[in-house]
Every structure is written in C-alpha cells, then in structure tokens.
Amino acid sequence: MSYKKQIFTLIKQELRQAFRTKNIYLVILVMPLFLWGLQSGIMYFTSETIDSGYEGKDLYFLNTDEGNTTTNLGEEINQVLSLLTTMNESQMYKVNVIDLSSILYHDINSDGIYDLIKENDYSPLVFIPNNFTSLYSSFNVSDGEVLIPEVSVYYLPADNYFGMAIKNTIDGIVYAPPFTMVSYEKVTSTKIEMVTFEGEENAESMIGFITFLSVMLALIAPASYVTASFAGEREKKTMESLLVLPMKRIDILIGKLIAGSFLAVLFSAVNLIGVAFFSFTVNSSTVLSDDAGFELSPAIYLMIFVVMLFTSFAALGLGISISSLMSDQKTAETTYMLTMILPINIVGLIVLLQGVPETLSWLYLIPWTHSMAVMNKGVFPKTYANSSLTGSVTLDIVFHLGVLLIFVIISMVVASKIFDREGVVSN
Amino acid sequence: MNAIEVRDLRKEFKEITALDDVTLRIKEGEVFGLLGPNGAGKTTLIRVLVGLIKASSGEAKVFNLDVNENIMEIRKRVSLLPQDCQTYEKLTAFENIFYYGQMHGTLSDEDLRKRTNDLIDLIGLRGRENDLTKHFSGGMKRKVLVARAVVMDPDLIFLDEPTTGIDVLGARTVRKLIKELAGMKKTIILTTHDLNEVAELCDRVGILVSGELVAIGTPKELEEKFKQANLEDVFVALSTGEEG
C-alpha cells in the first residue's frame with residue numbers, strides 16, 4: 001500500500017471521529033450561522049429603533065451662514081430641526097440640538113471641522129457654510145458654473161445610523177417650506193461624511209464588532225479537533241500506536257493537518273453563508289446606504305474566506321504545538337483557549353474602542369490583529385480610506401494577508417518540530 | 001534467527017538512567033516475558049525497539065535490522081499494544097481494528113476485512129462490531145485493542161500489560177489469543193505484573209530492575225538459579241533483595 005493511501009485512511013479516520021463529535025458541529029456549523037444571524041437580528045431590530053427616533057441623543061449644529069439682508073436660511077434650518085425635536089412622529093423627537101454657532105468662529109473650514117470633532121467629540125455635526133443663503137438666493141449660476149448650497153453632516157463611525165437619519169431629516173427640511181423650490185435651479189444638497197482620523201483604524205461602528213466575532217470564531221473553530229487529535233491521542237496512548245505504524249511522523253502530521261484543514265475550509269464556507277445572510281439583512285435595512293461603506297462584492301467574499309482560512313490554519317498550527325506539549329486534552333483545551341482568546345480580546349477591545357493607534361503598533365505582533373485589519377478594511381473600505389498603512393486599502397489587505405500567511409508557515413514549521421520530539425510519546 | 005538482539009543498550013533521561021547497558025537476545029517464535037517493578041525500564045526498552053525513542057548508546061536490532069537505520073522496515077513486521085492504551089471511542093469495534101490495519105498498509109483491504117471479521121469472532125464481539133467502543137466495558141475495549149495489535153499479522157508483537165484492568169473472562173480471552181499467536185510462531189514480548197500469566201505463557205523471562213537486566217532464562221531456570229520456590233519469589237528477591 002502506498003503512503004498516500006495510508007495518509008488517506010488516516011484522514012478518513014480523523015474526519016469520521018470528528019463528525020461523530022457534537023462540539024465540532026456546534027463550533028464549525030452552528031456557531032458561525034448563529035453569530036452572524038444574531039448580528040443580523042441586532043442590526044434588523046436596531047434599524048427599527050432608528051426609524052422610531054433617537055431620544056436623548058446629542059446633535060451638534062454649527063451655522064456659519066451669513067444670510068442676507070432679509071433672511072438667514074441656516075438659522076431657519078436650525079429652527080425647523082429644533083421644532084422636529086418636539087414632534088413625536090419625527091426621527092429627531094427629543095434629540096438634543098446643541099447650537100455651537102455662538103461659540104465658534106464663522107470662517108471655519110473642513111480641516112477646522114475635523115479638529116472640532118477629534119478634540120471635542122462634536123459628532124454628529126450639522127454644518128451650514130457661510131455662503132448658504134447667498135447661494136440659495138442667487139440663481140445658482142455663476143460664470144456658467146452651477147453652484148449648489150450644501151448642508152454637511154459629519155459623524156464618527158460610531159454614529160453611523162444616527163448620522164444617516166440626520167441626513168434624511170435635513171433632506172426632508174430643505175425640500176419643504178420655506179425651502180420649497182420655486183424653480184428647478186433652486187436646489188440644496190445634503191452631504192454626508194463619515195469622519196476617520198489618520199493613524200487610527202476605527203471600527204467604532206456597531207458593525208465593526210462582527211469582524212471581531214468572526215476572527216474569534218476562526219480561532220475557536222479548530223480547538224475541539226486539534227486538542228482531541230493530538231493531546232487527546234497522547235492522553236489515551238493511541239498516539240503511541242499511531243507512531244509505530246510504518247509511516248513517517250511527518251506523514252501522520254500531514255494526515256491530521258489535512259483533516260483539520262478540511263474542517264477549517266468547512267468552517268470558512270459556513271461562515272460565508274452567515275456573512276451572506278448578514279449582508280442581505282443589512283442591505284435590507286432602511287438606514288444603511290452605500291455611504292456607510294458596507295459593500296460585499298464577490299472579491300470581498302473571497303477575501304473573508306481566505307482570511308478565515310488563514311486564521312484557522314494559524315490557530316491549527318499553534319494548536320498542534322500546544323496539544324503536542326500537553327499531557328491531557330483538558331489542559332490542552334484550557335491552554336489553547338487562553339493562548340487564543342486572551343490576545344484576540346486585547347486586540348478586539350483596543351481596536352473596537354480606539355483603533356490601532358501608532359503608540360500601540362506592537363499589537364501587529366499579534367497575528368489576529370492582521371486578521372481583524374483585513375476584515376475591517378475589506379468589509380468597510382471607505383471607513384479606512386484615510387487611515388491605510390500603505391496608502392491604499394487594497395495594498396494594506398495584501399500586506400496583512402501576507403503577514404498572516406508567514407505566521408501560518410511559521411506555526412506549521414514549529415508544530416512539526418514539536419510533534420517530532422521524543423516527548424510526544426514519553427510523558 | 002534472533003527476532004531481537006540488544007547489546008549494551010543505554011537510555012538516559014537527563015539524570016535518570018532508564019536502561020543501563022542492557023544486553024538481550026530473543027529468538028523468533030519465542031514468547032518472552034519482560035518483568036520488573038514500575039519504572040524498571042520495560043516500556044523504555046520497548047519504545048527503543050519500535051523506534052519511538054532513540055537509545056543514548058548501544059545497539060538494538062530487530063530481525064537483524066538496526067532500529068536507527070531501518071525502522072520503517074522493522075515496523076512493517078512489528079506491532080505494539082501500549083500500556084494503558086485506549087480505543088478510539090468515536091469509532092466502532094470494526095473500524096478500530098480495520099482502520100489500524102489499513103494504516104499499517106501491509107495487507108490488502110480484502111484480506112484485512114476477512115482478518116478483522118475473524119478476529120471479531122475470536123474475541124467474542126460478534127454482534128457488537130458496529131457499536132461505538134465508547135459503549136464498551138474495559139474488558140471489551142482491551143480485547144478490541146489486542147485484536148487491533150495483531151490485525152496486520154505482524155511477526156513480532158509487543159504487548160505492554162495487555163490484561164491489566166480487565167476482568168477474569170476478558171483476561172482469559174486475551175491469554176487464549178496470545179497462545180494462538182504463539183502457536184503461529186509469532187514472537188511475542190509480554191510485560192505484565194501477573195506472574196501466573198508469565199508462567200503460563202512465556203518461554204523465557206527477563207527481569208529488569210532500575211534499568212538493569214538482572215536475570216534471564218526460563219521460569220524453571222530462574223527458580224533453580226535463585227533457589228526460590230516459584231517465579232514470584234524470584235521476582236521479589238531480585239526486585240527488593242528480600243527472600244521470597
């Protein structure tokens with residue numbers, strides 16, 4: 001019999017045992033669908049809440065409009081907005097409109113607005129430019145160029161839905177009296193802009209949480225298999241029987257690795273089904289638009305699949321090393337979980353709360369930071385457009401995937417060395 | 001021809017000497033009992049002979065092949081039932097035996113299937129062969145393991161305490177199987193703490209104490225040489241220095 005058939009038999013035996021283990025079904029098939037489904041549910045019901053209002057939320061209003069001799073349209077927008085906060089059928093019902101107009105300079109530019117948001121957390125912020133009334137009152141044409149008065153809504157990723165709800169409200173205001181169009185030239189545009197800052201990888205929007213969950217799941221997924229297949233076999237002394245077969249140790253490792261990889265591929269594929277369901281739910285939501293930067297093209301699906309796979313492979317490699325060093329399955333499981341979950345939680349919390357600031361760039365030494373970075377940048381490219389490491393989000397993704405791949409290779413080489421030790425049989 | 005030939009074999013684990021210049025010859029077709037108190041080096045000697053660990057010094061040959069140079073060739077003719085080994089509980093009795101034979105790779109699937117079925121009959125598990133072994137008693141599991149160790153029809157079989165922890169009937173079945181294998185001129189290296197079992201099954205006995213082979217011969221020869229009434233007294237005298 002060829003060694004290939006021996007390896008194939010080993011893979012078959014490993015998978016047969018794996019598919020007779022409830023935990024494997026739970027972690028590989030049920031959990032990805034459940035978590036993405038749960039996230040979809042949260043999104044769906046959050047959307048419902050958004051439609052009904054943002055009671056108690058703060059909205060900053062900065063009107064720099066100089067008006068003309070008879071009117072100041074910026075101020076009128078402010079008044080209508082304030083009126084809407086008292087109407088319980090409005091999305092703005094009981095929103096606190098905080099007028100910054102009296103305390104700030106009127107010649108502020110877009111850089112100044114960014115500084116205001118960064119330093120004072122004035123988010124979301126409605127900004128009326130100083131020439132708003134004059135542009136609206138003119139025929140909107142100057143030297144043959146159409147000039148359109150513009151209301152801007154700036155917000156941090158965390159205020160994603162609220163920002164878009166404000167945009168919808170402003171749209172409603174400028175298309176109603178006293179802003180009703182008297183001729184087709186008289187139009188107002190509402191611009192919306194998510195604000196991110198260089199050097200920070202903000203995933204502060206609620207949907208950023210899903211990337212954290214996905215990476216954590218990819219780390220947990222191989223646990224049950226890898227600890228049973230290595231530490232479990234050592235504990236039950238079946239490893240010893242296996243190692244005296246006329247097979248090279250590396251072939252036994254390869255067989256087990258292929259079985260583990262099959263499970264990792266299966267997990268990644270099931271994860272994609274969860275992502276597709278999530279994407280469908282999010283895109284069905286009334287409050288999210290393309291402006292949120294949430295697009296899932298086939299390339300993004302492929303990227304999610306690859307990053308899940310790389311992450312699972314790296315976890316598999318680490319898991320083999322851990323399980324080959326521990327004398328029993330329970331200790332291996334505990335050590336595995338601590339080794340995987342502790343760093344991902346540190347990375348997850350920091351990235352979710354404040355991104356990866358330059359002062360904490362050591363976080364990139366933890367491979368899962370790269371997994372999260374790929375997921376965040378791939379799924380929300382617009383959010384990270386201003387904060388890429390290489391100048392391009394695509395290049396960033398390639399870089400992070402490259403680092404992950406290197407880690408996969410290193411973890412596998414280390415695993416093979418540890419598995420080749422005499423100590424793998426003599427406890 | 002010698003099945004096993006060991007000369008000045010030494011194995012050290014840091015400061016512990018597990019095997020202390022052991023020299024030993026075991027003939028083909030012999031049932032050899034390897035005795036010794038816990039930690040005497042029995043399992044270490046077996047592990048060196050099947051290539052699981054390397055000796056610190058000395059020479060070890062199996063079927064005239066050096067274990068350091070020809071271990072894959074040796075393993076094609078050798079099988080091991082490790083001490084305290086368990087079955088794959090998520091596999092059936094048939095799968096446990098059959099898959100192991102497949103991975104050994106020396107028999108065709110057809111021959112292996114037939115041999116697996118014969119062994120299932122022999123160990124008295126017909127009717128339970130498709131049950132997962134997690135539902136089996138300790139004795140049934142041990143029978144499956146012994147069947148697994150011999151399914152590929154090896155020439156040399158290491159059985160490290162094969163009857164430990166199983167009931168009287170289970171142990172009897174295992175002993176019956178060992179006798180049948182001995183009848184087929186298989187070489188069997190048996191470690192056990194049951195000296196009656198040794199007397200019943202083994203042609204010759206070697207006693208290891210603190211890594212040193214302190215005695216070797218037939219049970220009768222040892223009783224005469226050490227002037228003891230039975231093998232147990234010989235064992236006690238050599239292990240502790242006390243008279244039996």
# chains A, B, ... in the order shown; residues from 1 in each chain; ligands from 1
call {"tool": "residues_around", "arguments": {"residues": "Thr44 (chain B)", "least_positions_apart": "5", "cutoff": "10 Å", "atoms": "only C-alpha atoms", "output": "ChimeraX atom specification"}}
result
/A:426 /B:11,18-19,39,49,52-55,211
call {"tool": "write_last_selection", "arguments": {"atoms": "N, CA and C atoms", "output": "PDB file, in the first residue's frame"}}
result
ATOM      1  N   SER A 426       6.695  10.086  25.314  1.00  0.00           N
ATOM      2  CA  SER A 426       7.077   9.825  26.706  1.00  0.00           C
ATOM      3  C   SER A 426       6.678  10.989  27.588  1.00  0.00           C
TER       4      SER A 426
ATOM      5  N   LYS B  11      19.783   4.108  27.940  1.00  0.00           N
ATOM      6  CA  LYS B  11      18.931   5.270  27.677  1.00  0.00           C
ATOM      7  C   LYS B  11      18.890   6.138  28.924  1.00  0.00           C
ATOM      8  N   ALA B  18      17.358   5.111  32.470  1.00  0.00           N
ATOM      9  CA  ALA B  18      16.191   4.236  32.311  1.00  0.00           C
ATOM     10  C   ALA B  18      16.615   2.841  31.861  1.00  0.00           C
ATOM     11  N   LEU B  19      17.665   2.758  31.041  1.00  0.00           N
ATOM     12  CA  LEU B  19      18.212   1.465  30.631  1.00  0.00           C
ATOM     13  C   LEU B  19      19.718   1.509  30.871  1.00  0.00           C
ATOM     14  N   GLY B  39       8.646   1.472  36.660  1.00  0.00           N
ATOM     15  CA  GLY B  39       9.808   2.348  36.467  1.00  0.00           C
ATOM     16  C   GLY B  39      11.107   1.594  36.251  1.00  0.00           C
ATOM     17  N   LEU B  49      12.915  -0.208  20.937  1.00  0.00           N
ATOM     18  CA  LEU B  49      12.884  -1.263  19.913  1.00  0.00           C
ATOM     19  C   LEU B  49      11.905  -0.964  18.772  1.00  0.00           C
ATOM     20  N   LEU B  52      10.327   4.561  18.846  1.00  0.00           N
ATOM     21  CA  LEU B  52       9.627   5.749  19.352  1.00  0.00           C
ATOM     22  C   LEU B  52      10.597   6.712  20.026  1.00  0.00           C
ATOM     23  N   ILE B  53      11.621   6.139  20.637  1.00  0.00           N
ATOM     24  CA  ILE B  53      12.683   6.961  21.214  1.00  0.00           C
ATOM     25  C   ILE B  53      14.037   6.367  20.826  1.00  0.00           C
ATOM     26  N   LYS B  54      15.060   7.191  20.868  1.00  0.00           N
ATOM     27  CA  LYS B  54      16.398   6.721  20.490  1.00  0.00           C
ATOM     28  C   LYS B  54      17.219   6.401  21.735  1.00  0.00           C
ATOM     29  N   ALA B  55      18.004   5.337  21.637  1.00  0.00           N
ATOM     30  CA  ALA B  55      18.875   4.975  22.759  1.00  0.00           C
ATOM     31  C   ALA B  55      20.010   5.986  22.859  1.00  0.00           C
ATOM     32  N   GLY B 211      16.498  -0.384  35.408  1.00  0.00           N
ATOM     33  CA  GLY B 211      17.125  -0.272  34.089  1.00  0.00           C
ATOM     34  C   GLY B 211      18.139  -1.340  33.787  1.00  0.00           C
TER      35      GLY B 211
END
call {"tool": "closest_atom_pairs", "arguments": {"of": "chain A", "to": "chain B", "cutoff": "6 Å", "atoms": "only C-alpha atoms", "output": "Markdown table"}}
result
| residue | atom | partner | partner_atom | distance |
| --- | --- | --- | --- | --- |
| A:Met1 | CA | B:Gly105 | CA | 5.1 |
| A:Gln6 | CA | B:Met103 | CA | 4.7 |
| A:Gln17 | CA | B:Lys90 | CA | 5.3 |
| A:Lys236 | CA | B:Gln86 | CA | 5.3 |
| A:Lys237 | CA | B:Cys85 | CA | 4.7 |
| A:Thr238 | CA | B:Cys85 | CA | 5.9 |
| A:Leu245 | CA | B:His104 | CA | 5.5 |
| A:Pro246 | CA | B:Met72 | CA | 5.1 |
| A:Glu422 | CA | B:Ile53 | CA | 5.6 |
call {"tool": "residues_around", "arguments": {"residues": "Thr218 (chain B)", "least_positions_apart": "4", "cutoff": "7 Å", "atoms": "only C-alpha atoms", "output": "number ranges by chain"}}
result
B: 203-205, 222
call {"tool": "write_last_selection", "arguments": {"atoms": "C-alpha atoms", "output": "PDB file, in the first residue's frame"}}
result
ATOM      1  CA  ASP B 203       9.047 -19.498  27.153  1.00  0.00           C
ATOM      2  CA  ARG B 204      11.621 -17.260  28.780  1.00  0.00           C
ATOM      3  CA  VAL B 205      11.631 -14.339  31.170  1.00  0.00           C
ATOM      4  CA  LEU B 222      15.336 -18.839  37.262  1.00  0.00           C
TER       5      LEU B 222
END
call {"tool": "select_by_dssp", "arguments": {"residues": "region 11-72 of chain A", "states": "alpha helix (DSSP H)", "output": "PyMOL selection string"}}
result
chain A and resi 11-18+22-24+31-52
call {"tool": "closest_residue", "arguments": {"among": "B:Leu177, B:Pro219, B:Ile157, B:Asp167", "to": "Asp118 (chain B)", "atoms": "only C-alpha atoms"}}
result
B:Leu177
call {"tool": "residues_around", "arguments": {"residues": "Leu9 (chain B)", "least_positions_apart": "6", "cutoff": "12 Å", "atoms": "only C-alpha atoms", "output": "ChimeraX atom specification"}}
result
/B:17-24,41,44-46,48-49,54-61,67,211-213
call {"tool": "write_last_selection", "arguments": {"atoms": "C-alpha atoms", "output": "mmCIF file, in the first residue's frame"}}
result
data_model
loop_
_atom_site.group_PDB
_atom_site.id
_atom_site.type_symbol
_atom_site.label_atom_id
_atom_site.label_comp_id
_atom_site.auth_asym_id
_atom_site.auth_seq_id
_atom_site.Cartn_x
_atom_site.Cartn_y
_atom_site.Cartn_z
ATOM 1 C CA THR B 17 19.203 6.080 33.674
ATOM 2 C CA ALA B 18 16.191 4.236 32.311
ATOM 3 C CA LEU B 19 18.212 1.465 30.631
ATOM 4 C CA ASP B 20 21.596 0.531 31.999
ATOM 5 C CA ASP B 21 23.688 -1.374 29.427
ATOM 6 C CA VAL B 22 21.043 -3.981 28.663
ATOM 7 C CA THR B 23 22.156 -6.979 26.592
ATOM 8 C CA LEU B 24 19.483 -9.383 25.404
ATOM 9 C CA GLY B 41 12.621 0.383 32.154
ATOM 10 C CA THR B 44 11.505 2.337 27.653
ATOM 11 C CA LEU B 45 13.092 -0.802 26.189
ATOM 12 C CA ILE B 46 10.004 -1.459 24.061
ATOM 13 C CA VAL B 48 13.547 1.971 21.801
ATOM 14 C CA LEU B 49 12.884 -1.263 19.913
ATOM 15 C CA LYS B 54 16.398 6.721 20.490
ATOM 16 C CA ALA B 55 18.875 4.975 22.759
ATOM 17 C CA SER B 56 21.650 7.090 24.255
ATOM 18 C CA SER B 57 24.172 4.379 23.350
ATOM 19 C CA GLY B 58 24.417 0.691 22.471
ATOM 20 C CA GLU B 59 22.956 -1.367 19.676
ATOM 21 C CA ALA B 60 19.440 -2.633 19.049
ATOM 22 C CA LYS B 61 18.445 -4.895 16.180
ATOM 23 C CA VAL B 67 16.447 0.232 14.718
ATOM 24 C CA GLY B 211 17.125 -0.272 34.089
ATOM 25 C CA GLU B 212 19.397 -3.264 34.563
ATOM 26 C CA LEU B 213 18.622 -6.740 33.239
#
call {"tool": "select_by_dssp", "arguments": {"residues": "region 1-235 of chain B", "states": "strand (DSSP E)", "output": "MDAnalysis selection string"}}
result
chainID B and resid 2:13 16:27 31:35 57:62 65:66 78:81 156:160 187:191 204:209 212:217
call {"tool": "residues_around", "arguments": {"residues": "Ser312 (chain A)", "least_positions_apart": "2", "cutoff": "9 Å", "atoms": "only C-alpha atoms", "output": "number ranges by chain"}}
result
A: 215, 217-222, 261, 264-265, 267-268, 307-310, 314-317, 408
call {"tool": "closest_residue", "arguments": {"among": "A:Ile350, A:Ile273, A:Ile173, A:Ile250", "to": "Tyr3 (chain A)", "atoms": "only C-alpha atoms"}}
result
A:Ile250
call {"tool": "atom_distance", "arguments": {"atom1": "CA of Leu156 (chain A)", "atom2": "CA of Glu119 (chain A)"}}
result
12.3 Å
call {"tool": "closest_residue", "arguments": {"among": "B:Thr173, B:Ser210, B:Asn68, B:Asn230", "to": "Leu195 (chain B)", "atoms": "only C-alpha atoms"}}
result
B:Asn230
call {"tool": "residues_around", "arguments": {"residues": "Leu119 (chain B)", "least_positions_apart": "4", "cutoff": "8 Å", "atoms": "only C-alpha atoms", "output": "MDAnalysis selection string"}}
result
chainID B and resid 115 123 147 151
